[in-house]
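Colleague: Handing over coords06.csv, CSV, C-alpha atoms.
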chain,number,residue,atom,x,y,z
T,1,VAL,CA,0.0,0.0,0.0
T,2,ASP,CA,1.4,3.4,-0.9
T,3,LEU,CA,-0.2,5.3,2.0
T,4,THR,CA,-2.0,4.2,5.2
T,5,LEU,CA,-3.9,6.8,7.2
T,6,ILE,CA,-5.6,6.9,10.5
T,7,HIS,CA,-8.8,8.1,9.0
T,8,TRP,CA,-10.4,9.6,12.1
T,9,PRO,CA,-8.8,10.1,15.5
T,10,SER,CA,-10.0,7.7,18.2
T,11,PRO,CA,-13.0,9.4,19.9
T,12,GLN,CA,-12.0,10.6,23.4
T,13,GLY,CA,-8.6,8.9,22.9
T,14,ALA,CA,-10.2,5.4,23.5
T,15,VAL,CA,-7.2,4.0,21.6
T,16,PRO,CA,-4.0,5.9,22.5
T,17,LEU,CA,-2.7,7.8,19.5
T,18,LYS,CA,0.9,6.8,20.1
T,19,GLU,CA,-0.2,3.1,20.1
T,20,SER,CA,-1.9,3.5,16.7
T,21,LEU,CA,0.9,5.4,15.2
T,22,GLN,CA,3.5,3.0,16.4
T,23,ALA,CA,1.5,0.1,14.9
T,24,LEU,CA,1.5,2.0,11.5
T,25,LEU,CA,5.3,2.5,11.8
T,26,GLN,CA,5.6,-1.3,12.3
T,27,ALA,CA,3.5,-1.9,9.2
T,28,ARG,CA,5.9,0.4,7.3
T,29,GLU,CA,9.0,-1.3,8.7
T,30,GLN,CA,7.5,-4.7,7.6
T,31,GLY,CA,7.0,-3.3,4.1
T,32,LEU,CA,3.2,-3.3,4.3
T,33,THR,CA,2.9,0.4,3.5
T,34,ARG,CA,5.3,2.9,2.0
T,35,GLN,CA,4.1,5.9,4.0
T,36,ILE,CA,1.8,6.6,6.9
T,37,GLY,CA,-0.3,9.6,7.8
T,38,VAL,CA,-3.3,10.9,9.6
T,39,SER,CA,-6.6,12.4,8.6
T,40,ASN,CA,-9.0,14.8,10.3
T,41,PHE,CA,-6.5,15.8,12.9
T,42,ASN,CA,-6.8,19.2,14.5
T,43,ILE,CA,-3.7,21.1,15.7
T,44,ALA,CA,-3.6,19.4,19.1
T,45,LEU,CA,-3.8,15.9,17.6
T,46,LEU,CA,-1.3,16.7,14.9
T,47,ASP,CA,1.1,18.0,17.5
T,48,GLU,CA,0.5,14.9,19.6
T,49,ALA,CA,1.2,12.7,16.5
T,50,ILE,CA,4.4,14.6,15.7
T,51,ASN,CA,5.6,14.2,19.3
T,52,ALA,CA,4.7,10.5,19.3
T,53,ILE,CA,6.6,9.4,16.2
T,54,GLY,CA,8.4,12.4,14.7
T,55,VAL,CA,7.3,14.7,11.9
T,56,GLU,CA,9.5,12.8,9.4
T,57,ASN,CA,7.2,9.8,9.8
T,58,ILE,CA,4.0,11.7,8.9
T,59,ALA,CA,3.5,11.9,5.2
T,60,THR,CA,0.3,14.0,5.4
T,61,ASN,CA,-2.7,15.1,7.3
T,62,GLN,CA,-5.8,14.7,5.1
T,63,VAL,CA,-8.4,17.3,6.0
T,64,GLU,CA,-11.4,19.1,4.7
T,65,ILE,CA,-10.4,22.2,2.9
T,66,SER,CA,-12.4,24.2,0.4
T,67,PRO,CA,-12.9,27.9,-0.6
T,68,TYR,CA,-15.5,28.0,2.2
T,69,LEU,CA,-13.4,26.2,4.8
T,70,GLN,CA,-9.8,27.3,4.3
T,71,ASN,CA,-8.6,25.9,7.6
T,72,ALA,CA,-6.0,28.6,7.9
T,73,LYS,CA,-4.9,28.0,11.5
T,74,LEU,CA,-4.3,24.3,10.8
T,75,ALA,CA,-2.6,25.0,7.5
T,76,ALA,CA,-0.2,27.5,9.1
T,77,PHE,CA,0.6,25.0,11.9
T,78,ALA,CA,1.2,22.2,9.5
T,79,ARG,CA,3.5,24.4,7.4
T,80,GLU,CA,5.4,25.5,10.4
T,81,LYS,CA,5.9,21.9,11.5
T,82,GLY,CA,6.6,20.6,8.0
T,83,VAL,CA,3.6,18.4,7.7
T,84,HIS,CA,2.0,18.2,4.2
T,85,LEU,CA,-1.8,18.6,3.9
T,86,THR,CA,-4.1,16.8,1.6
T,87,SER,CA,-7.3,18.6,0.8
T,88,TYR,CA,-10.5,16.6,0.6
T,89,MET,CA,-14.0,18.1,-0.2
T,90,THR,CA,-12.2,20.9,-2.1
T,91,LEU,CA,-15.3,21.3,-4.3
T,92,ALA,CA,-17.6,21.3,-1.3
T,93,TYR,CA,-20.1,18.7,-2.6
T,94,GLY,CA,-20.3,20.6,-5.8
T,95,LYS,CA,-21.1,24.0,-4.3
T,96,ALA,CA,-17.9,25.4,-5.7
T,97,VAL,CA,-19.0,24.6,-9.2
T,98,GLN,CA,-22.1,26.8,-8.7
T,99,ASP,CA,-20.3,29.7,-7.0
T,100,SER,CA,-20.5,33.0,-8.9
T,101,VAL,CA,-17.1,34.2,-7.7
T,102,LEU,CA,-15.4,31.0,-8.9
T,103,GLN,CA,-17.4,31.1,-12.1
T,104,GLU,CA,-16.2,34.7,-12.8
T,105,ILE,CA,-12.6,33.7,-12.2
T,106,ALA,CA,-13.0,30.7,-14.4
T,107,ALA,CA,-14.4,32.8,-17.2
T,108,LYS,CA,-11.4,35.1,-17.0
T,109,HIS,CA,-9.1,32.1,-17.5
T,110,GLY,CA,-11.1,30.0,-19.9
T,111,ALA,CA,-11.5,27.4,-17.2
T,112,THR,CA,-14.2,25.8,-15.1
T,113,ALA,CA,-15.2,26.8,-11.5
T,114,ALA,CA,-14.1,23.4,-10.4
T,115,GLN,CA,-10.6,23.9,-12.0
T,116,VAL,CA,-10.4,27.2,-10.2
T,117,ALA,CA,-11.2,25.8,-6.8
T,118,LEU,CA,-8.7,22.9,-7.3
T,119,ALA,CA,-6.0,25.3,-8.7
T,120,TRP,CA,-6.5,27.5,-5.6
T,121,ALA,CA,-5.8,24.5,-3.3
T,122,ILE,CA,-2.8,23.4,-5.3
T,123,HIS,CA,-1.5,26.9,-5.2
T,124,GLN,CA,-1.7,26.7,-1.4
T,125,GLY,CA,0.7,23.7,-1.6
T,126,PHE,CA,-2.0,21.0,-0.8
T,127,SER,CA,-2.4,17.7,-2.5
T,128,VAL,CA,-6.0,17.6,-3.7
T,129,ILE,CA,-8.2,14.6,-4.0
T,130,PRO,CA,-11.5,15.6,-5.7
T,131,SER,CA,-13.9,12.8,-6.3
T,132,SER,CA,-16.0,12.2,-9.4
T,133,THR,CA,-17.6,9.3,-11.1
T,134,LYS,CA,-17.6,10.9,-14.5
T,135,ARG,CA,-14.6,10.5,-16.7
T,136,ALA,CA,-15.0,13.9,-18.3
T,137,ASN,CA,-14.9,15.6,-14.9
T,138,LEU,CA,-11.8,13.6,-13.9
T,139,GLU,CA,-10.1,14.7,-17.1
T,140,SER,CA,-11.2,18.3,-16.6
T,141,ASN,CA,-10.0,18.3,-12.9
T,142,LEU,CA,-6.5,17.4,-14.1
T,143,LYS,CA,-6.3,20.6,-16.0
T,144,ALA,CA,-6.3,22.5,-12.7
T,145,ASN,CA,-2.6,21.8,-12.5
T,146,GLU,CA,-2.1,24.1,-15.5
T,147,LEU,CA,-4.2,27.0,-14.2
T,148,LYS,CA,-2.3,29.9,-12.8
T,149,LEU,CA,-4.3,32.2,-10.6
T,150,ASP,CA,-3.2,35.8,-10.0
T,151,ALA,CA,-3.2,37.7,-6.8
T,152,GLU,CA,-6.6,39.2,-7.5
T,153,ASP,CA,-8.1,35.8,-8.0
T,154,LEU,CA,-6.5,34.5,-4.8
T,155,GLN,CA,-7.9,37.4,-2.8
T,156,LYS,CA,-11.4,36.9,-4.1
T,157,ILE,CA,-11.2,33.2,-3.1
T,158,ALA,CA,-9.8,34.1,0.3
T,159,GLU,CA,-12.9,36.2,0.9
T,160,LEU,CA,-15.1,33.1,0.4
T,161,ASP,CA,-13.9,31.6,3.6
T,162,ARG,CA,-16.7,31.3,6.1
T,163,GLY,CA,-15.7,28.3,8.2
T,164,GLU,CA,-18.3,26.1,6.5
T,165,ARG,CA,-17.5,22.5,7.4
T,166,LEU,CA,-19.4,19.8,5.6
T,167,VAL,CA,-17.9,16.8,7.2
T,168,ASP,CA,-18.3,16.7,11.0
T,169,PRO,CA,-19.6,13.3,12.3
T,170,GLU,CA,-20.9,13.6,15.8
T,171,GLY,CA,-19.0,11.5,18.3
T,172,LEU,CA,-16.1,10.9,15.8
T,173,ALA,CA,-14.8,14.4,14.9
T,174,PRO,CA,-12.4,16.2,17.2
T,175,VAL,CA,-13.0,19.7,18.4
T,176,TRP,CA,-11.9,21.7,15.3
T,177,ASP,CA,-9.5,24.7,15.4
The structure in this file should be written as structure tokens.
Modeller:
Amino acid sequence: VDLTLIHWPSPQGAVPLKESLQALLQAREQGLTRQIGVSNFNIALLDEAINAIGVENIATNQVEISPYLQNAKLAAFAREKGVHLTSYMTLAYGKAVQDSVLQEIAAKHGATAAQVALAWAIHQGFSVIPSSTKRANLESNLKANELKLDAEDLQKIAELDRGERLVDPEGLAPVWD
């Protein structure tokens, strides 16, 4: 396996994080996975993970990031510590495709609103994992790598941030930053 993640932190620490991460390290040492990481970790949990196994052993923290939930505090902390972020829900269940600001930027660049949202996340340095069941959308999403947004575009997208979280399962999610 290329990458094995702890998908959600253990609710209320029922399974100690250090124990889980050390098990993943053992899996990597045994050749069962090339890299390990975490997902849906807030700043405190990411810091705990770093302290438990070292930042060099954490390939990524996969978290919800979109133009409407830019997760700036977590992103700044991850950059400071040297942890890469992977963005999921970047298109916000398709809301980004319908957004008039993103559509305006897309028209300016001869692109789609989805490409703009994905290019924005890529510009932030995130890996992006949009989901689609349609081949045409998958092919179109790949073109986001070629789209170069300017400072004005980035400012307009920054103004879309409203802390709108779409994935927050009760009893499973940590207290978000």
Colleague: Record the distance separating CA of Glu164 in chain T and CA of His109 in chain T, expressed in Å with one decimal.
Modeller: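 Spanning CA of Glu164 in chain T to CA of His109 in chain T is a straight-line distance of 26.4 Å.
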Colleague: Measure the distance from CA of Val1 in chain T to CA of Asn57 in chain T in Å and round it to one decimal.
Modeller: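 Between these atoms lies a distance of 15.6 Å.
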Colleague: Can you pull out every residue within 9 Å of Ser140 in chain T, counting only C-alpha atoms, but drop anything in the same chain fewer than 6 positions away, and send it as a VMD selection string?
Modeller: chain T and resid 112 114 to 115
Colleague: Using all atoms listed in the file, find each residue in range 33-132 of chain T having at least one atom no more than 12 Å away from range 143-154 of chain T; report its shortest atom-to-atom pair and that distance in Å (one decimal), rows by chain then rising number, as JSON lines.
Modeller:
{"residue": "T:Pro67", "atom": "CA", "partner": "T:Leu154", "partner_atom": "CA", "distance": 10.1}
{"residue": "T:Val101", "atom": "CA", "partner": "T:Asp153", "partner_atom": "CA", "distance": 9.1}
{"residue": "T:Leu102", "atom": "CA", "partner": "T:Asp153", "partner_atom": "CA", "distance": 8.8}
{"residue": "T:Gln103", "atom": "CA", "partner": "T:Asp153", "partner_atom": "CA", "distance": 11.2}
{"residue": "T:Glu104", "atom": "CA", "partner": "T:Asp153", "partner_atom": "CA", "distance": 9.5}
{"residue": "T:Ile105", "atom": "CA", "partner": "T:Asp153", "partner_atom": "CA", "distance": 6.5}
{"residue": "T:Ala106", "atom": "CA", "partner": "T:Asp153", "partner_atom": "CA", "distance": 9.5}
{"residue": "T:Ala107", "atom": "CA", "partner": "T:Asp153", "partner_atom": "CA", "distance": 11.5}
{"residue": "T:Lys108", "atom": "CA", "partner": "T:Asp153", "partner_atom": "CA", "distance": 9.6}
{"residue": "T:His109", "atom": "CA", "partner": "T:Leu147", "partner_atom": "CA", "distance": 7.8}
{"residue": "T:Gly110", "atom": "CA", "partner": "T:Leu147", "partner_atom": "CA", "distance": 9.4}
{"residue": "T:Ala111", "atom": "CA", "partner": "T:Leu147", "partner_atom": "CA", "distance": 7.9}
{"residue": "T:Thr112", "atom": "CA", "partner": "T:Ala144", "partner_atom": "CA", "distance": 8.9}
{"residue": "T:Ala113", "atom": "CA", "partner": "T:Ala144", "partner_atom": "CA", "distance": 10.0}
{"residue": "T:Ala114", "atom": "CA", "partner": "T:Ala144", "partner_atom": "CA", "distance": 8.2}
{"residue": "T:Gln115", "atom": "CA", "partner": "T:Ala144", "partner_atom": "CA", "distance": 4.6}
{"residue": "T:Val116", "atom": "CA", "partner": "T:Ala144", "partner_atom": "CA", "distance": 6.7}
{"residue": "T:Ala117", "atom": "CA", "partner": "T:Ala144", "partner_atom": "CA", "distance": 8.3}
{"residue": "T:Leu118", "atom": "CA", "partner": "T:Ala144", "partner_atom": "CA", "distance": 5.9}
{"residue": "T:Ala119", "atom": "CA", "partner": "T:Ala144", "partner_atom": "CA", "distance": 4.9}
{"residue": "T:Trp120", "atom": "CA", "partner": "T:Leu154", "partner_atom": "CA", "distance": 7.0}
{"residue": "T:Ala121", "atom": "CA", "partner": "T:Ala144", "partner_atom": "CA", "distance": 9.6}
{"residue": "T:Ile122", "atom": "CA", "partner": "T:Asn145", "partner_atom": "CA", "distance": 7.4}
{"residue": "T:His123", "atom": "CA", "partner": "T:Leu149", "partner_atom": "CA", "distance": 8.1}
{"residue": "T:Gln124", "atom": "CA", "partner": "T:Leu154", "partner_atom": "CA", "distance": 9.8}
{"residue": "T:Gly125", "atom": "CA", "partner": "T:Asn145", "partner_atom": "CA", "distance": 11.5}
{"residue": "T:Phe126", "atom": "CA", "partner": "T:Asn145", "partner_atom": "CA", "distance": 11.7}
{"residue": "T:Ser127", "atom": "CA", "partner": "T:Asn145", "partner_atom": "CA", "distance": 10.8}
{"residue": "T:Val128", "atom": "CA", "partner": "T:Ala144", "partner_atom": "CA", "distance": 10.3}
{"residue": "T:Ile129", "atom": "CA", "partner": "T:Ala144", "partner_atom": "CA", "distance": 11.9}
{"residue": "T:Pro130", "atom": "CA", "partner": "T:Ala144", "partner_atom": "CA", "distance": 11.1}
Colleague: Output C-alpha atoms for every residue in that selection, as a PDB file, in the coordinates of the input.
Modeller:
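again_14.pdb written:
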ATOM      1  CA  PRO T  67     -12.900  27.900  -0.600  1.00  0.00           C
ATOM      2  CA  VAL T 101     -17.100  34.200  -7.700  1.00  0.00           C
ATOM      3  CA  LEU T 102     -15.400  31.000  -8.900  1.00  0.00           C
ATOM      4  CA  GLN T 103     -17.400  31.100 -12.100  1.00  0.00           C
ATOM      5  CA  GLU T 104     -16.200  34.700 -12.800  1.00  0.00           C
ATOM      6  CA  ILE T 105     -12.600  33.700 -12.200  1.00  0.00           C
ATOM      7  CA  ALA T 106     -13.000  30.700 -14.400  1.00  0.00           C
ATOM      8  CA  ALA T 107     -14.400  32.800 -17.200  1.00  0.00           C
ATOM      9  CA  LYS T 108     -11.400  35.100 -17.000  1.00  0.00           C
ATOM     10  CA  HIS T 109      -9.100  32.100 -17.500  1.00  0.00           C
ATOM     11  CA  GLY T 110     -11.100  30.000 -19.900  1.00  0.00           C
ATOM     12  CA  ALA T 111     -11.500  27.400 -17.200  1.00  0.00           C
ATOM     13  CA  THR T 112     -14.200  25.800 -15.100  1.00  0.00           C
ATOM     14  CA  ALA T 113     -15.200  26.800 -11.500  1.00  0.00           C
ATOM     15  CA  ALA T 114     -14.100  23.400 -10.400  1.00  0.00           C
ATOM     16  CA  GLN T 115     -10.600  23.900 -12.000  1.00  0.00           C
ATOM     17  CA  VAL T 116     -10.400  27.200 -10.200  1.00  0.00           C
ATOM     18  CA  ALA T 117     -11.200  25.800  -6.800  1.00  0.00           C
ATOM     19  CA  LEU T 118      -8.700  22.900  -7.300  1.00  0.00           C
ATOM     20  CA  ALA T 119      -6.000  25.300  -8.700  1.00  0.00           C
ATOM     21  CA  TRP T 120      -6.500  27.500  -5.600  1.00  0.00           C
ATOM     22  CA  ALA T 121      -5.800  24.500  -3.300  1.00  0.00           C
ATOM     23  CA  ILE T 122      -2.800  23.400  -5.300  1.00  0.00           C
ATOM     24  CA  HIS T 123      -1.500  26.900  -5.200  1.00  0.00           C
ATOM     25  CA  GLN T 124      -1.700  26.700  -1.400  1.00  0.00           C
ATOM     26  CA  GLY T 125       0.700  23.700  -1.600  1.00  0.00           C
ATOM     27  CA  PHE T 126      -2.000  21.000  -0.800  1.00  0.00           C
ATOM     28  CA  SER T 127      -2.400  17.700  -2.500  1.00  0.00           C
ATOM     29  CA  VAL T 128      -6.000  17.600  -3.700  1.00  0.00           C
ATOM     30  CA  ILE T 129      -8.200  14.600  -4.000  1.00  0.00           C
ATOM     31  CA  PRO T 130     -11.500  15.600  -5.700  1.00  0.00           C
TER      32      PRO T 130
END
Colleague: Which value, in Å to one decimal, gives the distance between CA of Gln35 in chain T and CA of Leu21 in chain T?
Modeller: 11.7 Å
Colleague: Given the point (3.1, 0.8, -2.6) in the coordinates of this file, which residues lie within 7 Å, counting all atoms listed in the file, and how would they look as a VMD selection string?
Modeller: chain T and resid 1 to 2 33 to 34
Colleague: From the options T:Ile58, T:Tyr68, T:Phe41, T:Gly13, which residue's atoms come nearest to Glu159 in chain T, counting only C-alpha atoms?
Modeller: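 Using only C-alpha atoms, Glu159 in chain T sits closest to T:Tyr68.
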Colleague: Let me make sure I understand: among T:Asn71, T:Gly94, T:Lys134, T:Val83, which one has the smallest atom-to-atom distance to Asp177 in chain T if we use only C-alpha atoms?
Modeller: T:Asn71
Colleague: Check which residues of range 53-98 of chain T sit at most 12 Å from range 171-176 of chain T using all atoms listed in the file, and return one row each with the closest pair of atoms and their distance in Å to one decimal, ordered by chain and rising number, as JSON lines.
Modeller:
{"residue": "T:Val63", "atom": "CA", "partner": "T:Trp176", "partner_atom": "CA", "distance": 10.9}
{"residue": "T:Glu64", "atom": "CA", "partner": "T:Trp176", "partner_atom": "CA", "distance": 10.9}
{"residue": "T:Leu69", "atom": "CA", "partner": "T:Trp176", "partner_atom": "CA", "distance": 11.5}
{"residue": "T:Asn71", "atom": "CA", "partner": "T:Trp176", "partner_atom": "CA", "distance": 9.4}
{"residue": "T:Ala72", "atom": "CA", "partner": "T:Trp176", "partner_atom": "CA", "distance": 11.7}
{"residue": "T:Lys73", "atom": "CA", "partner": "T:Trp176", "partner_atom": "CA", "distance": 10.2}
{"residue": "T:Leu74", "atom": "CA", "partner": "T:Trp176", "partner_atom": "CA", "distance": 9.2}
Colleague: So that I can check the surroundings of Ala78 in chain T, please list as JSON, numbers by chain every protein, DNA and RNA residue that reaches within 10 Å of it, counting all atoms listed in the file and ignoring chain neighbours fewer than 3 positions away.
Modeller: {"T": [42, 43, 46, 47, 55, 60, 61, 72, 73, 74, 75, 81, 82, 83, 84, 85]}
Colleague: Within 7 Å of Ser66 in chain T, counting all atoms listed in the file, which residues show up once you throw out same-chain ones fewer than 3 positions away? Write them as a list in words, please.
Modeller: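 Once the nearby chain positions are removed, what remains is Leu69, Gln70, Met89, Thr90, Leu91 and Ala92 of chain T.
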Colleague: Tell me which of T:His7, T:Ala52, T:Ile65, T:Val38 sits closest to Gln22 in chain T, counting all atoms listed in the file.
Modeller: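 Of T:His7, T:Ala52, T:Ile65, T:Val38, the one nearest Gln22 in chain T is T:Ala52, counting all atoms listed in the file.
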Colleague: Reconstruct N, CA and C atoms of range 127-148 of chain T from the incomplete input and present them as a JSON list (two decimals), keeping the file's coordinate frame.
Modeller:
[["chain", "number", "residue", "atom", "x", "y", "z"],
["T", 127, "SER", "N", -1.98, 18.76, -1.57],
["T", 127, "SER", "CA", -2.40, 17.70, -2.50],
["T", 127, "SER", "C", -3.92, 17.76, -2.50],
["T", 128, "VAL", "N", -4.52, 17.48, -3.62],
["T", 128, "VAL", "CA", -6.00, 17.60, -3.70],
["T", 128, "VAL", "C", -6.54, 16.30, -4.24],
["T", 129, "ILE", "N", -7.59, 15.84, -3.59],
["T", 129, "ILE", "CA", -8.20, 14.60, -4.00],
["T", 129, "ILE", "C", -9.73, 14.81, -4.24],
["T", 130, "PRO", "N", -10.06, 15.42, -5.37],
["T", 130, "PRO", "CA", -11.50, 15.60, -5.70],
["T", 130, "PRO", "C", -12.04, 14.23, -6.11],
["T", 131, "SER", "N", -13.31, 14.05, -5.89],
["T", 131, "SER", "CA", -13.90, 12.80, -6.30],
["T", 131, "SER", "C", -14.92, 13.07, -7.42],
["T", 132, "SER", "N", -14.98, 12.15, -8.33],
["T", 132, "SER", "CA", -16.00, 12.20, -9.40],
["T", 132, "SER", "C", -16.16, 10.84, -9.96],
["T", 133, "THR", "N", -17.35, 10.58, -10.42],
["T", 133, "THR", "CA", -17.60, 9.30, -11.10],
["T", 133, "THR", "C", -17.68, 9.44, -12.58],
["T", 134, "LYS", "N", -17.51, 10.66, -13.06],
["T", 134, "LYS", "CA", -17.60, 10.90, -14.50],
["T", 134, "LYS", "C", -16.20, 11.15, -15.08],
["T", 135, "ARG", "N", -15.87, 10.37, -16.10],
["T", 135, "ARG", "CA", -14.60, 10.50, -16.70],
["T", 135, "ARG", "C", -14.26, 11.90, -17.21],
["T", 136, "ALA", "N", -15.23, 12.57, -17.79],
["T", 136, "ALA", "CA", -15.00, 13.90, -18.30],
["T", 136, "ALA", "C", -14.62, 14.87, -17.16],
["T", 137, "ASN", "N", -15.26, 14.71, -15.99],
["T", 137, "ASN", "CA", -14.90, 15.60, -14.90],
["T", 137, "ASN", "C", -13.50, 15.24, -14.34],
["T", 138, "LEU", "N", -13.17, 13.96, -14.32],
["T", 138, "LEU", "CA", -11.80, 13.60, -13.90],
["T", 138, "LEU", "C", -10.77, 14.20, -14.81],
["T", 139, "GLU", "N", -11.00, 14.13, -16.11],
["T", 139, "GLU", "CA", -10.10, 14.70, -17.10],
["T", 139, "GLU", "C", -10.00, 16.22, -16.92],
["T", 140, "SER", "N", -11.13, 16.85, -16.74],
["T", 140, "SER", "CA", -11.20, 18.30, -16.60],
["T", 140, "SER", "C", -10.45, 18.71, -15.29],
["T", 141, "ASN", "N", -10.64, 17.96, -14.20],
["T", 141, "ASN", "CA", -10.00, 18.30, -12.90],
["T", 141, "ASN", "C", -8.47, 18.30, -13.06],
["T", 142, "LEU", "N", -7.93, 17.41, -13.88],
["T", 142, "LEU", "CA", -6.50, 17.40, -14.10],
["T", 142, "LEU", "C", -5.93, 18.64, -14.65],
["T", 143, "LYS", "N", -6.73, 19.36, -15.40],
["T", 143, "LYS", "CA", -6.30, 20.60, -16.00],
["T", 143, "LYS", "C", -6.09, 21.72, -14.99],
["T", 144, "ALA", "N", -6.56, 21.52, -13.77],
["T", 144, "ALA", "CA", -6.30, 22.50, -12.70],
["T", 144, "ALA", "C", -4.86, 22.72, -12.44],
["T", 145, "ASN", "N", -4.06, 21.68, -12.70],
["T", 145, "ASN", "CA", -2.60, 21.80, -12.50],
["T", 145, "ASN", "C", -1.99, 22.86, -13.40],
["T", 146, "GLU", "N", -2.62, 23.14, -14.52],
["T", 146, "GLU", "CA", -2.10, 24.10, -15.50],
["T", 146, "GLU", "C", -2.56, 25.52, -15.26],
["T", 147, "LEU", "N", -3.58, 25.69, -14.45],
["T", 147, "LEU", "CA", -4.20, 27.00, -14.20],
["T", 147, "LEU", "C", -3.39, 27.83, -13.25],
["T", 148, "LYS", "N", -3.03, 29.02, -13.67],
["T", 148, "LYS", "CA", -2.30, 29.90, -12.80],
["T", 148, "LYS", "C", -3.16, 31.09, -12.39]]
